[in-house]
Amino acid sequence: MARVAGKKVVITGGAQGLGACFGRMLADEGAKVALTDINFDGAKATAAAINEAHPGAAIAIKHDVTSKDDWVEALGEAAEAMGGISVLINNAGIGTAGSIETETWEGWRRTQEIDVDSIFIGTQLAMPYLKDDQPGSIINISSVAGLIADGMMLSYNAAKAAVWMMSKSIALHCARSGYDIRCNSVHPVFTRTPIIDPLVELGGGGEEGERRLVRQIPLQRLGEPEDVGYCILYLASDESRFVTASEFKIDGGITAQ
Ligand SMILES: NC(=O)c1ccc[n+]([C@@H]2O[C@H](COP(=O)([O-])OP(=O)(O)OC[C@H]3O[C@@H](n4cnc5c(N)ncnc54)[C@H](O)[C@@H]3O)[C@@H](O)[C@H]2O)c1
């Protein structure tokens, strides 16, 4: 039996990187996936590639997660296409660099808007669908940056810490309301997607830039999207049916130091 057969999954930021990988891995295990992204062409290309292997498993939806109107449309379209929504993966996000002395108000606000506010808006709007399609699972992509700080990641640290604690509040509300809807956060370390390109450049670019990141990780390598994807498969499936309000560190050991 496929691990997530019958699951109807909305993945924000599904055009590339982690979101695209989650879409492929979930479809391989029997789920239907709606890949939403502000980059509609990218989402369409990823959905087309998934459909080549699993005809009809994926759709692409144009969606800016900072827009409430877009959320209403995207969730409606996804539910219509998949016959409901049982899993929401709040994955879309941006990384930003800046210290308390260099970060701008605009940079701070943009990071909170995309990485945090979107999860409030989207999860609230998704609740009626998830309640109609229990058991449900909400998976919020935070970061190790939500658990440990860096002097140059002011806005990102604050945003991802908010995602961590919001996830617990959502989980407790659902549990105490008697809903079979779980909510957990996932905290990757540097993982090989386009989001880490500026960090690699900051460290001198190329192999040297990567080495500077790897040096901080006890397992001595960058994460691969699939490393995070296996955690997502578990959390989307009923294998994790007793797991809620938890944080999953996919971090090569970095937060233990
Ligand atoms: N890759 C890592 O090292 C790493 C580590 C920790 C956490 N994360 C988190 O994982 C998530 C996915 O990141 P990734 O590594 O795949 O990065 P990525 O940049 O490859 O992908 C992010 C996706 O989000 C989309 N997006 C950005 N703004 C959007 C908006 N307003 N509306 C809709 N879509 C939007 C982008 O178009 C892109 O497809 C992010 O939340 C990120 O913070 C990544």
# chains A, B, ... in the order shown; residues from 1 in each chain; ligands from 1
call {"tool": "residues_around", "arguments": {"residues": "stretch 132-143 of chain A", "least_positions_apart": "3", "cutoff": "7 Å", "atoms": "only C-alpha atoms", "output": "short mmCIF file (atom, residue, chain, number, x, y, z; two decimals) with C-alpha atoms, in the first residue's frame"}}
result
data_model
loop_
_atom_site.label_atom_id
_atom_site.label_comp_id
_atom_site.auth_asym_id
_atom_site.auth_seq_id
_atom_site.Cartn_x
_atom_site.Cartn_y
_atom_site.Cartn_z
CA GLY A 84 -10.92 18.06 -0.98
CA ILE A 85 -7.81 18.97 1.00
CA SER A 86 -6.39 16.72 3.74
CA VAL A 87 -2.81 18.00 4.01
CA LEU A 88 -1.52 21.59 3.91
CA ILE A 89 2.22 22.15 3.57
CA ASN A 90 3.13 25.79 4.25
CA ASN A 91 6.48 25.73 2.47
CA PRO A 128 -12.89 24.31 6.87
CA TYR A 129 -11.45 22.07 4.13
CA GLY A 146 13.87 29.21 14.14
CA LYS A 160 11.04 30.99 11.59
CA VAL A 163 6.41 29.54 12.60
CA TRP A 164 7.69 27.06 15.21
CA SER A 167 2.53 25.40 14.78
CA ASP A 180 -8.26 14.80 13.98
CA ILE A 181 -5.97 17.43 12.48
CA ARG A 182 -2.33 17.47 13.49
CA CYS A 183 0.16 20.30 13.07
CA ASN A 184 3.95 20.04 13.23
CA SER A 185 6.95 22.12 12.16
CA VAL A 186 9.97 20.98 10.17
CA HIS A 187 13.40 22.58 10.65
CA PRO A 188 15.94 21.92 7.88
CA VAL A 189 19.58 23.02 7.98
CA ALA A 236 1.57 13.64 5.69
#
call {"tool": "select_by_dssp", "arguments": {"residues": "stretch 65-133 of chain A", "states": "helix (DSSP H, G or I)", "output": "PyMOL selection string"}}
result
chain A and resi 68-82+105-132
call {"tool": "write_last_selection", "arguments": {"atoms": "C-alpha atoms", "output": "tab-separated table (two decimals), in the first residue's frame"}}
result
chain	number	residue	atom	x	y	z
A	68	LYS	CA	-5.77	36.61	0.97
A	69	ASP	CA	-7.71	36.67	-2.31
A	70	ASP	CA	-5.14	34.35	-3.89
A	71	TRP	CA	-5.47	31.94	-0.95
A	72	VAL	CA	-9.27	31.82	-1.31
A	73	GLU	CA	-8.94	31.08	-5.04
A	74	ALA	CA	-6.06	28.60	-4.68
A	75	LEU	CA	-7.69	26.54	-1.95
A	76	GLY	CA	-11.00	26.48	-3.87
A	77	GLU	CA	-9.26	25.36	-7.06
A	78	ALA	CA	-7.20	22.72	-5.25
A	79	ALA	CA	-10.22	21.28	-3.43
A	80	GLU	CA	-12.23	21.20	-6.65
A	81	ALA	CA	-9.45	19.41	-8.54
A	82	MET	CA	-8.50	16.89	-5.83
A	105	TRP	CA	12.06	47.96	7.75
A	106	GLU	CA	11.02	46.83	4.25
A	107	GLY	CA	13.19	43.69	4.50
A	108	TRP	CA	11.82	42.90	7.94
A	109	ARG	CA	8.18	43.38	6.85
A	110	ARG	CA	8.60	41.40	3.59
A	111	THR	CA	10.11	38.45	5.49
A	112	GLN	CA	7.32	38.42	8.08
A	113	GLU	CA	4.69	38.78	5.33
A	114	ILE	CA	5.91	35.84	3.22
A	115	ASP	CA	7.26	33.54	5.94
A	116	VAL	CA	4.78	34.13	8.79
A	117	ASP	CA	1.66	36.14	7.90
A	118	SER	CA	0.96	33.81	4.97
A	119	ILE	CA	0.75	30.82	7.31
A	120	PHE	CA	-1.78	32.60	9.50
A	121	ILE	CA	-3.94	33.64	6.54
A	122	GLY	CA	-3.66	30.35	4.65
A	123	THR	CA	-4.11	27.96	7.53
A	124	GLN	CA	-7.13	29.85	8.82
A	125	LEU	CA	-8.72	29.69	5.35
A	126	ALA	CA	-7.80	26.00	4.95
A	127	MET	CA	-9.37	24.91	8.26
A	128	PRO	CA	-12.89	24.31	6.87
A	129	TYR	CA	-11.45	22.07	4.13
A	130	LEU	CA	-9.23	20.16	6.57
A	131	LYS	CA	-12.18	19.68	8.96
A	132	ASP	CA	-14.20	18.21	6.07
call {"tool": "residues_near_ligand", "arguments": {"ligand": "ligand 1", "cutoff": "9 Å", "atoms": "only C-alpha atoms and all ligand atoms", "output": "compact mmCIF listing (two decimals) with all heavy atoms, in the first residue's frame"}}
result
# COMPACT_ATOMS: atom_id res chain seq x y z
N THR A 12 2.55 24.92 -0.85
CA THR A 12 2.89 26.27 -1.33
C THR A 12 4.38 26.31 -1.67
O THR A 12 5.19 25.57 -1.10
CB THR A 12 2.56 27.35 -0.28
OG1 THR A 12 3.45 27.21 0.85
CG2 THR A 12 1.12 27.26 0.18
N GLY A 13 4.74 27.17 -2.62
CA GLY A 13 6.14 27.22 -3.05
C GLY A 13 6.55 25.92 -3.72
O GLY A 13 7.67 25.45 -3.55
N GLY A 14 5.64 25.35 -4.50
CA GLY A 14 5.87 24.02 -5.09
C GLY A 14 6.60 24.01 -6.42
O GLY A 14 6.79 22.95 -7.01
N ALA A 15 7.00 25.19 -6.91
CA ALA A 15 7.62 25.24 -8.24
C ALA A 15 9.02 24.63 -8.27
O ALA A 15 9.43 24.04 -9.26
CB ALA A 15 7.69 26.70 -8.72
N GLN A 16 9.77 24.81 -7.19
CA GLN A 16 11.18 24.40 -7.20
C GLN A 16 11.61 24.00 -5.80
O GLN A 16 10.81 24.04 -4.85
CB GLN A 16 12.06 25.55 -7.71
CG GLN A 16 12.05 26.75 -6.75
CD GLN A 16 12.99 27.87 -7.18
OE1 GLN A 16 13.09 28.18 -8.34
NE2 GLN A 16 13.69 28.45 -6.22
N GLY A 17 12.88 23.64 -5.67
CA GLY A 17 13.46 23.41 -4.35
C GLY A 17 12.72 22.36 -3.54
O GLY A 17 12.30 21.32 -4.07
N LEU A 18 12.56 22.63 -2.26
CA LEU A 18 11.94 21.64 -1.37
C LEU A 18 10.51 21.31 -1.79
O LEU A 18 10.11 20.15 -1.80
CB LEU A 18 11.95 22.16 0.08
CG LEU A 18 13.32 22.28 0.74
CD1 LEU A 18 13.17 22.80 2.17
CD2 LEU A 18 14.03 20.93 0.76
N GLY A 19 9.72 22.34 -2.11
CA GLY A 19 8.30 22.11 -2.44
C GLY A 19 8.14 21.17 -3.62
O GLY A 19 7.28 20.28 -3.62
N ALA A 20 8.97 21.35 -4.66
CA ALA A 20 8.89 20.48 -5.84
C ALA A 20 9.26 19.05 -5.46
O ALA A 20 8.64 18.08 -5.92
CB ALA A 20 9.82 21.01 -6.93
N CYS A 21 10.28 18.92 -4.62
CA CYS A 21 10.71 17.58 -4.17
C CYS A 21 9.60 16.91 -3.36
O CYS A 21 9.31 15.73 -3.56
CB CYS A 21 11.99 17.71 -3.34
SG CYS A 21 12.54 16.15 -2.66
N THR A 36 1.31 25.12 -5.54
CA THR A 36 0.99 26.53 -5.73
C THR A 36 2.28 27.33 -5.65
O THR A 36 3.18 26.99 -4.90
CB THR A 36 -0.02 27.04 -4.68
OG1 THR A 36 0.68 27.49 -3.51
CG2 THR A 36 -1.05 25.99 -4.30
N ASP A 37 2.34 28.40 -6.46
CA ASP A 37 3.57 29.22 -6.43
C ASP A 37 3.30 30.55 -7.14
O ASP A 37 2.48 30.62 -8.06
CB ASP A 37 4.74 28.49 -7.12
CG ASP A 37 6.09 28.90 -6.57
OD1 ASP A 37 6.49 30.08 -6.76
OD2 ASP A 37 6.75 28.07 -5.92
N ILE A 38 4.01 31.56 -6.71
CA ILE A 38 3.98 32.86 -7.40
C ILE A 38 4.63 32.70 -8.77
O ILE A 38 4.31 33.41 -9.72
CB ILE A 38 4.68 33.93 -6.53
CG1 ILE A 38 4.28 35.33 -6.94
CG2 ILE A 38 6.19 33.73 -6.51
CD1 ILE A 38 4.65 36.38 -5.89
N ASN A 39 5.53 31.73 -8.89
CA ASN A 39 6.18 31.37 -10.16
C ASN A 39 5.33 30.29 -10.83
O ASN A 39 5.57 29.08 -10.68
CB ASN A 39 7.61 30.87 -9.88
CG ASN A 39 8.27 30.28 -11.10
OD1 ASN A 39 7.74 30.34 -12.22
ND2 ASN A 39 9.44 29.67 -10.89
N PHE A 40 4.32 30.74 -11.57
CA PHE A 40 3.33 29.82 -12.14
C PHE A 40 3.96 28.91 -13.19
O PHE A 40 3.67 27.70 -13.24
CB PHE A 40 2.18 30.62 -12.73
CG PHE A 40 0.99 29.80 -13.16
CD1 PHE A 40 0.58 28.67 -12.44
CD2 PHE A 40 0.24 30.18 -14.27
CE1 PHE A 40 -0.53 27.92 -12.84
CE2 PHE A 40 -0.87 29.43 -14.67
CZ PHE A 40 -1.24 28.31 -13.96
N GLY A 42 7.01 27.85 -13.33
CA GLY A 42 7.78 26.82 -12.63
C GLY A 42 6.88 25.75 -12.05
O GLY A 42 7.17 24.54 -12.13
N ALA A 43 5.76 26.17 -11.46
CA ALA A 43 4.82 25.19 -10.87
C ALA A 43 4.24 24.30 -11.97
O ALA A 43 4.08 23.09 -11.78
CB ALA A 43 3.72 25.93 -10.12
N LYS A 62 -1.52 29.28 -9.68
CA LYS A 62 -0.82 30.56 -9.47
C LYS A 62 -1.26 31.15 -8.14
O LYS A 62 -2.47 31.28 -7.88
CB LYS A 62 -1.16 31.51 -10.62
CG LYS A 62 -0.38 32.80 -10.56
CD LYS A 62 -0.58 33.59 -11.86
CE LYS A 62 -0.01 34.99 -11.76
NZ LYS A 62 1.36 35.05 -11.24
N HIS A 63 -0.31 31.50 -7.28
CA HIS A 63 -0.67 31.83 -5.90
C HIS A 63 0.44 32.66 -5.25
O HIS A 63 1.56 32.18 -5.10
CB HIS A 63 -0.84 30.49 -5.15
CG HIS A 63 -1.18 30.62 -3.70
ND1 HIS A 63 -0.99 29.57 -2.82
CD2 HIS A 63 -1.72 31.62 -2.97
CE1 HIS A 63 -1.38 29.94 -1.61
NE2 HIS A 63 -1.83 31.18 -1.67
N ASP A 64 0.09 33.88 -4.87
CA ASP A 64 0.99 34.67 -4.02
C ASP A 64 0.50 34.48 -2.59
O ASP A 64 -0.61 34.90 -2.25
CB ASP A 64 0.92 36.14 -4.44
CG ASP A 64 1.79 37.04 -3.56
OD1 ASP A 64 2.25 36.58 -2.49
OD2 ASP A 64 2.00 38.20 -3.95
N VAL A 65 1.32 33.85 -1.74
CA VAL A 65 0.86 33.51 -0.40
C VAL A 65 0.61 34.72 0.50
O VAL A 65 0.03 34.58 1.58
CB VAL A 65 1.82 32.53 0.34
CG1 VAL A 65 1.83 31.17 -0.31
CG2 VAL A 65 3.23 33.12 0.47
N THR A 66 1.03 35.91 0.05
CA THR A 66 0.76 37.11 0.86
C THR A 66 -0.62 37.70 0.55
O THR A 66 -1.04 38.65 1.20
CB THR A 66 1.83 38.20 0.64
OG1 THR A 66 1.75 38.67 -0.71
CG2 THR A 66 3.22 37.67 0.91
N SER A 67 -1.30 37.14 -0.45
CA SER A 67 -2.61 37.67 -0.85
C SER A 67 -3.74 36.78 -0.35
O SER A 67 -3.84 35.61 -0.71
CB SER A 67 -2.66 37.78 -2.38
OG SER A 67 -4.00 37.78 -2.83
N ASN A 90 2.75 24.38 4.36
CA ASN A 90 3.13 25.79 4.25
C ASN A 90 4.64 25.85 4.07
O ASN A 90 5.40 25.87 5.05
CB ASN A 90 2.69 26.55 5.50
CG ASN A 90 1.20 26.80 5.54
OD1 ASN A 90 0.62 27.32 4.58
ND2 ASN A 90 0.56 26.39 6.62
N ASN A 91 5.06 25.85 2.81
CA ASN A 91 6.48 25.73 2.47
C ASN A 91 7.06 27.00 1.85
O ASN A 91 8.25 27.28 2.02
CB ASN A 91 6.64 24.54 1.51
CG ASN A 91 7.99 24.53 0.83
OD1 ASN A 91 9.00 24.19 1.44
ND2 ASN A 91 8.02 24.92 -0.45
N ALA A 92 6.23 27.79 1.15
CA ALA A 92 6.77 28.98 0.46
C ALA A 92 7.49 29.86 1.47
O ALA A 92 7.02 30.05 2.59
CB ALA A 92 5.65 29.78 -0.19
N GLY A 93 8.64 30.37 1.09
CA GLY A 93 9.37 31.24 2.01
C GLY A 93 10.54 31.90 1.32
O GLY A 93 10.96 31.47 0.24
N ILE A 94 11.04 32.94 1.96
CA ILE A 94 12.26 33.59 1.46
C ILE A 94 13.28 33.64 2.59
O ILE A 94 12.90 33.64 3.77
CB ILE A 94 12.00 35.02 0.93
CG1 ILE A 94 11.35 35.91 2.02
CG2 ILE A 94 11.16 34.99 -0.34
CD1 ILE A 94 11.39 37.39 1.69
N GLY A 95 14.54 33.66 2.22
CA GLY A 95 15.60 33.82 3.20
C GLY A 95 16.12 35.25 3.08
O GLY A 95 16.19 35.80 1.97
N GLU A 113 5.88 38.94 6.18
CA GLU A 113 4.69 38.78 5.33
C GLU A 113 4.69 37.42 4.62
O GLU A 113 3.69 36.72 4.62
CB GLU A 113 4.75 39.89 4.26
CG GLU A 113 3.46 40.60 4.02
CD GLU A 113 3.61 41.53 2.82
OE1 GLU A 113 4.74 41.82 2.36
OE2 GLU A 113 2.58 41.93 2.32
N ILE A 114 5.85 37.09 4.02
CA ILE A 114 5.91 35.84 3.22
C ILE A 114 6.08 34.62 4.12
O ILE A 114 5.45 33.58 3.89
CB ILE A 114 7.07 35.91 2.18
CG1 ILE A 114 6.79 37.03 1.18
CG2 ILE A 114 7.24 34.57 1.46
CD1 ILE A 114 7.89 37.24 0.15
N ASP A 115 6.92 34.73 5.15
CA ASP A 115 7.26 33.54 5.94
C ASP A 115 6.31 33.27 7.10
O ASP A 115 6.20 32.14 7.57
CB ASP A 115 8.70 33.66 6.49
CG ASP A 115 9.76 33.57 5.39
OD1 ASP A 115 9.40 33.43 4.21
OD2 ASP A 115 10.96 33.63 5.71
N SER A 118 1.60 34.70 5.95
CA SER A 118 0.96 33.81 4.97
C SER A 118 0.44 32.54 5.64
O SER A 118 -0.59 31.99 5.25
CB SER A 118 1.95 33.43 3.88
OG SER A 118 2.97 32.59 4.42
N ASN A 140 4.27 22.83 8.68
CA ASN A 140 4.85 24.16 8.47
C ASN A 140 6.36 24.07 8.37
O ASN A 140 7.02 23.54 9.27
CB ASN A 140 4.45 25.09 9.63
CG ASN A 140 2.96 25.37 9.63
OD1 ASN A 140 2.32 25.40 8.58
ND2 ASN A 140 2.39 25.59 10.81
N ILE A 141 6.90 24.60 7.28
CA ILE A 141 8.35 24.55 7.09
C ILE A 141 8.98 25.76 7.78
O ILE A 141 8.87 26.89 7.32
CB ILE A 141 8.74 24.51 5.59
CG1 ILE A 141 7.97 23.39 4.86
CG2 ILE A 141 10.26 24.30 5.48
CD1 ILE A 141 8.14 22.00 5.42
N SER A 142 9.61 25.47 8.91
CA SER A 142 10.38 26.48 9.63
C SER A 142 11.83 26.32 9.18
O SER A 142 12.09 26.16 7.98
CB SER A 142 10.21 26.30 11.14
OG SER A 142 11.03 27.18 11.86
N SER A 143 12.77 26.28 10.10
CA SER A 143 14.20 26.17 9.77
C SER A 143 14.95 25.96 11.08
O SER A 143 14.42 26.28 12.16
CB SER A 143 14.65 27.49 9.13
OG SER A 143 16.06 27.56 9.07
N VAL A 144 16.20 25.50 10.99
CA VAL A 144 17.03 25.53 12.21
C VAL A 144 17.17 26.98 12.68
O VAL A 144 17.39 27.23 13.87
CB VAL A 144 18.42 24.89 12.02
CG1 VAL A 144 18.32 23.40 11.83
CG2 VAL A 144 19.19 25.54 10.88
N ALA A 145 17.00 27.92 11.74
CA ALA A 145 17.09 29.34 12.11
C ALA A 145 15.94 29.77 13.02
O ALA A 145 15.97 30.87 13.58
CB ALA A 145 17.11 30.20 10.85
N GLY A 146 14.93 28.93 13.17
CA GLY A 146 13.87 29.21 14.14
C GLY A 146 14.23 28.74 15.53
O GLY A 146 13.52 29.03 16.50
N TYR A 156 14.88 36.61 9.50
CA TYR A 156 14.62 35.18 9.24
C TYR A 156 14.53 34.42 10.56
O TYR A 156 13.65 33.58 10.73
CB TYR A 156 15.74 34.64 8.35
CG TYR A 156 15.46 33.29 7.72
CD1 TYR A 156 14.43 33.12 6.79
CD2 TYR A 156 16.26 32.18 8.00
CE1 TYR A 156 14.19 31.88 6.20
CE2 TYR A 156 16.03 30.94 7.40
CZ TYR A 156 15.00 30.80 6.50
OH TYR A 156 14.76 29.57 5.91
N LYS A 160 11.09 32.45 11.48
CA LYS A 160 11.04 30.99 11.59
C LYS A 160 10.75 30.55 13.03
O LYS A 160 10.15 29.50 13.26
CB LYS A 160 12.33 30.38 11.05
CG LYS A 160 12.48 30.55 9.53
CD LYS A 160 11.31 29.93 8.76
CE LYS A 160 11.54 29.89 7.26
NZ LYS A 160 10.43 29.27 6.51
N VAL A 186 8.78 21.68 10.68
CA VAL A 186 9.97 20.98 10.17
C VAL A 186 11.09 22.02 10.06
O VAL A 186 10.88 23.13 9.56
CB VAL A 186 9.67 20.32 8.81
CG1 VAL A 186 10.92 19.72 8.20
CG2 VAL A 186 8.58 19.27 8.97
N HIS A 187 12.29 21.63 10.52
CA HIS A 187 13.40 22.58 10.65
C HIS A 187 14.65 22.08 9.91
O HIS A 187 15.52 21.44 10.52
CB HIS A 187 13.72 22.79 12.13
CG HIS A 187 12.55 23.27 12.93
ND1 HIS A 187 12.42 24.55 13.39
CD2 HIS A 187 11.42 22.62 13.33
CE1 HIS A 187 11.27 24.68 14.04
NE2 HIS A 187 10.65 23.52 14.01
N PRO A 188 14.75 22.36 8.61
CA PRO A 188 15.94 21.92 7.88
C PRO A 188 17.14 22.84 8.16
O PRO A 188 16.99 24.02 8.46
CB PRO A 188 15.54 22.07 6.40
CG PRO A 188 14.07 22.37 6.39
CD PRO A 188 13.75 22.98 7.72
N VAL A 189 18.34 22.24 8.03
CA VAL A 189 19.58 23.02 7.98
C VAL A 189 19.82 23.36 6.51
O VAL A 189 18.98 23.05 5.65
CB VAL A 189 20.74 22.21 8.61
CG1 VAL A 189 21.21 21.08 7.68
CG2 VAL A 189 21.92 23.11 8.98
N PHE A 190 20.97 23.98 6.17
CA PHE A 190 21.29 24.30 4.77
C PHE A 190 21.05 23.08 3.88
O PHE A 190 21.70 22.05 4.06
CB PHE A 190 22.76 24.71 4.62
CG PHE A 190 23.22 25.72 5.63
CD1 PHE A 190 24.24 25.43 6.51
CD2 PHE A 190 22.62 26.98 5.69
CE1 PHE A 190 24.67 26.36 7.45
CE2 PHE A 190 23.05 27.92 6.62
CZ PHE A 190 24.07 27.60 7.50
N THR A 191 20.13 23.23 2.94
CA THR A 191 19.75 22.12 2.07
C THR A 191 19.88 22.59 0.62
O THR A 191 19.58 23.76 0.32
CB THR A 191 18.29 21.69 2.38
OG1 THR A 191 18.22 21.37 3.77
CG2 THR A 191 17.87 20.48 1.56
N ARG A 192 20.34 21.70 -0.24
CA ARG A 192 20.73 22.10 -1.59
C ARG A 192 19.51 22.52 -2.44
O ARG A 192 18.92 21.71 -3.13
CB ARG A 192 21.47 20.95 -2.28
CG ARG A 192 22.46 21.40 -3.33
CD ARG A 192 23.12 20.22 -4.00
NE ARG A 192 24.00 19.48 -3.12
CZ ARG A 192 25.25 19.85 -2.81
NH1 ARG A 192 25.74 20.95 -3.32
NH2 ARG A 192 25.99 19.11 -2.01
N THR A 193 19.13 23.81 -2.34
CA THR A 193 18.10 24.41 -3.20
C THR A 193 18.59 25.82 -3.53
O THR A 193 19.53 26.32 -2.90
CB THR A 193 16.73 24.52 -2.47
OG1 THR A 193 16.82 25.60 -1.53
CG2 THR A 193 16.32 23.24 -1.77
N PRO A 194 17.90 26.51 -4.46
CA PRO A 194 18.36 27.86 -4.83
C PRO A 194 18.40 28.85 -3.66
O PRO A 194 19.11 29.85 -3.72
CB PRO A 194 17.34 28.30 -5.88
CG PRO A 194 16.85 27.02 -6.49
CD PRO A 194 16.83 26.02 -5.36
N ILE A 195 17.65 28.58 -2.57
CA ILE A 195 17.60 29.56 -1.47
C ILE A 195 18.97 29.73 -0.81
O ILE A 195 19.24 30.78 -0.21
CB ILE A 195 16.52 29.14 -0.43
CG1 ILE A 195 15.89 30.37 0.23
CG2 ILE A 195 17.07 28.23 0.64
CD1 ILE A 195 14.69 30.05 1.13
N ILE A 196 19.85 28.72 -0.90
CA ILE A 196 21.15 28.87 -0.21
C ILE A 196 22.22 29.51 -1.11
O ILE A 196 23.33 29.77 -0.64
CB ILE A 196 21.68 27.54 0.40
CG1 ILE A 196 22.03 26.52 -0.69
CG2 ILE A 196 20.72 26.98 1.43
CD1 ILE A 196 22.89 25.36 -0.14
N LEU A 222 25.90 19.10 3.16
CA LEU A 222 24.64 19.84 3.06
C LEU A 222 23.49 18.85 3.07
O LEU A 222 23.67 17.68 2.73
CB LEU A 222 24.59 20.62 1.74
CG LEU A 222 25.60 21.74 1.55
CD1 LEU A 222 25.41 22.38 0.17
CD2 LEU A 222 25.43 22.81 2.64
N GLY A 223 22.30 19.32 3.43
CA GLY A 223 21.11 18.48 3.29
C GLY A 223 20.74 18.38 1.82
O GLY A 223 21.05 19.27 1.03
N GLU A 224 20.09 17.29 1.47
CA GLU A 224 19.51 17.15 0.13
C GLU A 224 17.99 17.26 0.31
O GLU A 224 17.46 16.87 1.37
CB GLU A 224 19.84 15.78 -0.48
CG GLU A 224 21.33 15.55 -0.71
CD GLU A 224 21.94 16.51 -1.73
OE1 GLU A 224 21.19 17.02 -2.59
OE2 GLU A 224 23.16 16.74 -1.65
N PRO A 225 17.27 17.79 -0.69
CA PRO A 225 15.81 17.95 -0.53
C PRO A 225 15.12 16.66 -0.06
O PRO A 225 14.20 16.70 0.76
CB PRO A 225 15.36 18.37 -1.92
CG PRO A 225 16.55 19.09 -2.48
CD PRO A 225 17.76 18.38 -1.95
N ILE A 250 15.81 18.46 10.77
CA ILE A 250 16.49 17.68 9.72
C ILE A 250 17.79 18.44 9.48
O ILE A 250 17.93 19.21 8.54
CB ILE A 250 15.64 17.62 8.43
CG1 ILE A 250 14.17 17.32 8.74
CG2 ILE A 250 16.23 16.61 7.44
CD1 ILE A 250 13.90 15.97 9.38
N ASP A 251 18.73 18.27 10.42
CA ASP A 251 19.78 19.28 10.54
C ASP A 251 21.20 18.75 10.65
O ASP A 251 22.11 19.51 11.01
CB ASP A 251 19.46 20.20 11.72
CG ASP A 251 19.68 19.53 13.07
OD1 ASP A 251 19.85 18.29 13.10
OD2 ASP A 251 19.70 20.24 14.08
call {"tool": "closest_residue", "arguments": {"among": "A:Gln216, A:Cys174, A:Leu233, A:Val200", "to": "A:Arg3", "atoms": "only C-alpha atoms"}}
result
A:Leu233
call {"tool": "atom_distance", "arguments": {"atom1": "atom CA of A:Ile148", "atom2": "atom CA of A:Gly253"}}
result
12.2 Å
call {"tool": "atom_distance", "arguments": {"atom1": "atom CA of A:Lys8", "atom2": "atom CA of A:Arg176"}}
result
24.1 Å
call {"tool": "residues_around", "arguments": {"residues": "A:Met153", "least_positions_apart": "3", "cutoff": "8 Å", "atoms": "only C-alpha atoms", "output": "list in words"}}
result
Thr96, Ala97, Gly98, Ser99, Ala145, Ala149, Asp150, Tyr156 and Asn157 of chain A
call {"tool": "closest_residue", "arguments": {"among": "A:Val228, A:Val10, A:Met165, A:Ala57", "to": "A:Gly30", "atoms": "only C-alpha atoms"}}
result
A:Ala57
call {"tool": "residues_around", "arguments": {"residues": "A:Gln220", "least_positions_apart": "4", "cutoff": "10 Å", "atoms": "only C-alpha atoms", "output": "list in words"}}
result
Arg211, Leu213, Val214, Arg215, Gln216, Gly252, Gly253 and Ile254 of chain A
call {"tool": "select_by_dssp", "arguments": {"residues": "stretch 114-171 of chain A", "states": "strand (DSSP E)", "output": "number ranges by chain"}}
result
A: 136-141
call {"tool": "closest_residue", "arguments": {"among": "A:Met25, A:Ile59, A:Val243, A:Leu35", "to": "A:Ile11", "atoms": "only C-alpha atoms"}}
result
A:Leu35
call {"tool": "atom_distance", "arguments": {"atom1": "atom CA of A:Pro55", "atom2": "atom CA of A:Ser240"}}
result
27.3 Å
call {"tool": "decode", "arguments": {"residues": "stretch 156-167 of chain A", "atoms": "C-alpha atoms", "output": "PDB file, in the first residue's frame"}}
result
ATOM      1  CA  TYR A 156      14.621  35.184   9.238  1.00  0.00           C
ATOM      2  CA  ASN A 157      15.352  34.069  12.836  1.00  0.00           C
ATOM      3  CA  ALA A 158      12.290  35.947  14.076  1.00  0.00           C
ATOM      4  CA  ALA A 159      10.060  34.636  11.267  1.00  0.00           C
ATOM      5  CA  LYS A 160      11.036  30.991  11.592  1.00  0.00           C
ATOM      6  CA  ALA A 161      10.770  31.067  15.404  1.00  0.00           C
ATOM      7  CA  ALA A 162       7.247  32.420  14.960  1.00  0.00           C
ATOM      8  CA  VAL A 163       6.415  29.536  12.596  1.00  0.00           C
ATOM      9  CA  TRP A 164       7.687  27.056  15.214  1.00  0.00           C
ATOM     10  CA  MET A 165       5.451  28.395  17.997  1.00  0.00           C
ATOM     11  CA  MET A 166       2.429  29.075  15.742  1.00  0.00           C
ATOM     12  CA  SER A 167       2.527  25.398  14.784  1.00  0.00           C
TER      13      SER A 167
END
